[in-house]
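Before any comments, here is the structure.
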Amino acid sequence: MLGNALLIAVRELRRNVLRSILTIIGIVIGVAAVITMVTIGNGATVKVTADIEKLGSNLLIVAPGQRRGPNRASVDAETFDLADAEAIAQQIDAAEAVAPTASKSAVAIYGAENWSTTVTGTTNAYLAARNWSLAAGRDFTAGELRAGKAVCILGATLHQELFGAQRPLGEKIRLEKLSCQVIGLLQAKGQTAMGQDQDDLVLVPLRVFQRRIAGVPDVGSIQVAVRKGYDTRQAQREIEALMRERRRIGPLEDDDFFVLDLKEVANTVAGATRVLTALLGAVAAVSLLVGGVGIMNIMLVSVTERTREIGTRLAVGALQREVLVQFLIEAAVMSSFGGLLGIGLALAASFALADLFGLPFILDLWIVALAFAFSALVGVMFGYLPARRAAHLDPIEALRHE
C-alpha cells in the first residue's frame, strides 16, 4: 500500500513540476537557512576560541585599575613595579612564567623604511607566558636583561614592513631615539578575534624600555602563565590576595587592579556566539513554517482538482484511511524533496561563506538530520488538513463534481 501511494505521489509531483517547485521553495530556503546559520555560527565559535587561545595557554593578565568593560580600565591607579612580578613568581606556586611588561607606540625606522608599531619592554618569560616561539635568532641573555642592552626581537609584521624578504638578524633599527640590534624573529600568530595584529610589535629588554623609551620604571601589566594541572581560578584568587597585601588594600576597600583570566574570556565569548547561533537558527526555522503554509495551500488546491478521482476511489471500495495516507505521503514527499535540495544549497552556501569570512567549515551532522526531519514533519503537519478533507469527501457528491 505504501509503495503504491509513494508512486502515485511522485506521479502527481511530475504532473505539475513547476507548481511543485514553487511550492517547496519555502522549505528549501528554510532548511538551507537553518543549516547555514548553524554551520557559520559553529565556525565563528571555533575561530574566536582559537584566536583567544593564541594569546597564551592558561594566561592571567594582572593590570592596574578597576575593570570597566572589554579592554577598559581606570587610569588613576598606581602602576606595578618589578618587585610585584618577582613576588608573584616566588609566592604563587601555580605560576609557571611571570612576565612584567610595559608598552608604548613608536615609529620603527630602518634605512628609508619606517613603520608605526608597538614597542614592548619585557623579559624572556613573555615568550613562555604567551606561548610564543622564535622563528629565527635568539632571546635575550641574562646580561642583556640585567644591563639593559639595546637589542630587540621583531614580530612578523614589522619584519615584513621594514625588511621585506631581507634577513634582519644583526641589523640595527631605530625606535624613536633608541638604536637597537635585531637578535631574533617571532613566529607569526596572525590577528586576534578583535582584528588586532599580534605580529605588529617589537620586544626589547624591560630595563631598556624603562630607561630609554618610557623614562619611568613603571610596569604596565604582569602576564602569568599557569602551570598545567592547576586551576586558573584558584591561581587568580591567590594573585588577587597577594596583590591586595602588597598594595595595602583594606578589607572594605575595592581592588585598584584586576586579574583577567583569558580562559574565562574564551568561555564567555564562545557561549555568547553559541546563543547567537541558536537565535539565528530559530529565526531561520520560521521560514520552514511559511513553507508549510505553502504546502497546505497547494494540497487544498490538489484535493479540489482531484475530487472526481477521490470519489471514484471511494466508490470502488477504497477506505478513508487509504485516501488520508495517500495525501499525507504526497505532502511528505514534497517537503522531504525540498529538504534534500535545502541541504545541498546549505552545504554550498556554508562552504562559500566560511571561505569568504576566513572561518573553519564545521558541519554539524546532527543539525542537518534535524532540519531534514523537521522539513518532513512540516509536510505531514500542514498536509493533514487537506488529506483529512479528501478522506471525508462524500463519494456521490465527489462523482458529481465538475
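Identifiers in this document derive from the order of the C-alpha cells: chains are assigned A, B, ..., residues are numbered from 1 separately in each chain, and ligands are numbered from 1 in order of occurrence.
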
**OP:** Considering only C-alpha atoms, return as a list in words whatever protein or nucleic-acid residues lie within 10 Å of A:Glu238, sequence-local ones (same chain, fewer than 5 positions apart) excluded.
**Re:** Ile88, Gln91, Ile92, Asp93, Ala94, Thr232, Arg233, Met243 and Arg244 of chain A

Original post:
Could you write out, as a list in words, all the residues of stretch 158-224 of chain A that DSSP marks as helix (DSSP H, G or I)?
Top reply: Leu158, His159, Gln160, Glu161, Leu162, Phe163, Leu206, Arg207, Val208, Phe209, Gln210, Arg211, Arg212, Ile213 and Ala214 of chain A

Take the residues just selected and output them with C-alpha atoms as a PDB file, in the first residue's frame.
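Generated output (again.pdb):
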```pdb
ATOM      1  CA  LEU A 158      57.305  44.590  11.499  1.00  0.00           C
ATOM      2  CA  HIS A 159      59.893  42.317   9.903  1.00  0.00           C
ATOM      3  CA  GLN A 160      57.956  42.340   6.632  1.00  0.00           C
ATOM      4  CA  GLU A 161      57.342  46.105   6.628  1.00  0.00           C
ATOM      5  CA  LEU A 162      60.950  47.108   7.361  1.00  0.00           C
ATOM      6  CA  PHE A 163      63.000  44.362   5.736  1.00  0.00           C
ATOM      7  CA  LEU A 206      62.334  45.847  30.121  1.00  0.00           C
ATOM      8  CA  ARG A 207      65.161  47.954  31.594  1.00  0.00           C
ATOM      9  CA  VAL A 208      65.965  49.390  28.154  1.00  0.00           C
ATOM     10  CA  PHE A 209      62.319  50.304  27.693  1.00  0.00           C
ATOM     11  CA  GLN A 210      62.079  51.950  31.113  1.00  0.00           C
ATOM     12  CA  ARG A 211      65.309  53.974  30.783  1.00  0.00           C
ATOM     13  CA  ARG A 212      65.477  54.835  27.088  1.00  0.00           C
ATOM     14  CA  ILE A 213      61.873  54.872  25.844  1.00  0.00           C
ATOM     15  CA  ALA A 214      59.360  55.371  28.685  1.00  0.00           C
TER      16      ALA A 214
END
```

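If you count only C-alpha atoms and ignore residues fewer than 3 places along the chain from stretch 357-362 of chain A, what sits within 9 Å of it is A:Thr39, A:Ile40, A:Gly41, A:Asn42, A:Gly43, A:Ala44, A:Val46, A:Lys47, A:Ser350, A:Phe351, A:Ala352, A:Leu353, A:Ala354.
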
**OP:** Identify, with DSSP run on backbone atoms, the residues in stretch 82-262 of chain A assigned to strand (DSSP E or B), and express the list as a ChimeraX atom specification.
**Re:** /A:95-110,113-122,134-137,151-154,172-175,178-186,191,197,201-205,219,221-226,257-261

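Here the question is which of A:Thr268, A:Thr79, A:Thr122, A:Ser302 gets nearest to A:Val98 using only C-alpha atoms, and that residue is A:Thr122.
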
Original post:
Got a sec: who's within 12 Å of A:Ala332, counting only C-alpha atoms, leaving out chain neighbours fewer than 2 positions off, as a VMD selection string?
Top reply: chain A and resid 5 to 6 9 to 10 13 24 27 292 295 to 296 299 325 to 330 334 to 339 372 to 384 387

Export C-alpha atoms of the chosen residues as a CSV table (one decimal), in the first residue's frame?
```
chain,number,residue,atom,x,y,z
A,5,ALA,CA,1.0,5.5,-2.6
A,6,LEU,CA,4.6,6.7,-3.0
A,9,ALA,CA,2.7,10.8,-5.1
A,10,VAL,CA,5.8,11.0,-7.4
A,13,LEU,CA,4.6,15.9,-8.5
A,24,ILE,CA,8.8,23.7,-2.0
A,27,ILE,CA,11.1,24.5,2.5
A,292,GLY,CA,4.5,24.5,5.3
A,295,ILE,CA,2.3,23.1,1.0
A,296,MET,CA,-1.1,23.2,2.8
A,299,MET,CA,-2.6,20.4,-1.3
A,325,VAL,CA,-2.4,8.3,3.8
A,326,GLN,CA,-2.2,9.0,0.1
A,327,PHE,CA,-2.4,12.7,0.5
A,328,LEU,CA,-0.1,12.7,3.6
A,329,ILE,CA,2.5,10.9,1.7
A,330,GLU,CA,2.3,13.4,-1.2
A,334,MET,CA,7.1,17.2,-1.5
A,335,SER,CA,8.6,18.6,1.8
A,336,SER,CA,11.3,15.9,2.0
A,337,PHE,CA,12.4,16.7,-1.5
A,338,GLY,CA,12.6,20.4,-0.6
A,339,GLY,CA,14.6,19.4,2.5
A,372,PHE,CA,15.6,17.4,7.2
A,373,ALA,CA,13.4,15.6,9.7
A,374,PHE,CA,11.7,18.9,10.6
A,375,SER,CA,11.0,19.6,7.0
A,376,ALA,CA,9.3,16.2,6.5
A,377,LEU,CA,7.3,16.8,9.7
A,378,VAL,CA,6.2,20.2,8.5
A,379,GLY,CA,4.9,18.5,5.3
A,380,VAL,CA,2.9,15.9,7.3
A,381,MET,CA,1.6,18.6,9.8
A,382,PHE,CA,0.4,21.0,7.1
A,383,GLY,CA,-0.7,18.2,4.8
A,384,TYR,CA,-3.0,16.7,7.3
A,387,ALA,CA,-5.7,14.9,3.5
```

Subject >> Near-A:Phe140 list (7 Å; only C-alpha atoms; drop same-chain fewer than 4 positions) as a ChimeraX atom specification >> reply: /A:124,144-145

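Of note, atom CA of A:Val202 and atom CA of A:Leu82 are spaced 20.3 Å apart.
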
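Summary of the local environment: counting only C-alpha atoms, residues at most 8 Å from stretch 246-259 of chain A, other than itself and those fewer than 6 positions away along its chain, are Leu60, Ile61, Val62, Ala63, Pro64, Gly65, Gln66, Arg67, Ala77, Glu78, Asp84, Gln236, Ile239 and Glu240 of chain A.
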
Can you write just those residues out, N, CA and C atoms, as a compact mmCIF listing (two decimals), in the first residue's frame?
```
# COMPACT_ATOMS: atom_id res chain seq x y z
N LEU A 60 46.92 34.50 32.67
CA LEU A 60 46.29 35.50 33.52
C LEU A 60 47.01 36.83 33.29
N ILE A 61 46.26 37.90 33.14
CA ILE A 61 46.84 39.23 32.95
C ILE A 61 46.48 40.09 34.15
N VAL A 62 47.49 40.57 34.86
CA VAL A 62 47.30 41.42 36.03
C VAL A 62 47.57 42.86 35.60
N ALA A 63 46.59 43.73 35.77
CA ALA A 63 46.72 45.11 35.32
C ALA A 63 46.19 46.07 36.39
N PRO A 64 46.74 47.27 36.46
CA PRO A 64 46.25 48.24 37.45
C PRO A 64 44.92 48.84 37.03
N GLY A 65 44.16 49.33 38.01
CA GLY A 65 42.87 49.96 37.72
C GLY A 65 41.72 49.00 37.95
N GLN A 66 40.51 49.53 37.91
CA GLN A 66 39.31 48.71 38.05
C GLN A 66 38.73 48.47 36.68
N ARG A 67 38.44 47.21 36.36
CA ARG A 67 37.96 46.87 35.04
C ARG A 67 36.56 47.43 34.83
N ALA A 77 45.10 54.62 38.88
CA ALA A 77 45.56 53.64 39.85
C ALA A 77 47.09 53.54 39.78
N GLU A 78 47.68 53.19 40.89
CA GLU A 78 49.13 53.06 40.96
C GLU A 78 49.60 51.90 40.09
N ASP A 84 56.69 43.54 42.20
CA ASP A 84 55.40 42.86 42.17
C ASP A 84 55.48 41.59 41.35
N GLN A 236 44.09 32.74 40.18
CA GLN A 236 43.60 34.12 40.14
C GLN A 236 43.30 34.64 41.53
N ILE A 239 46.62 35.30 43.41
CA ILE A 239 47.28 36.54 42.94
C ILE A 239 46.55 37.76 43.48
N GLU A 240 45.23 37.73 43.46
CA GLU A 240 44.47 38.86 43.99
C GLU A 240 44.77 39.09 45.46
```

**OP:** Find the spatial neighbours of A:Val28, counting only C-alpha atoms, within a cut-off of 8 Å - ignore same-chain residues fewer than 5 positions away - and output them as a VMD selection string.
**Re:** chain A and resid 338 to 343 345
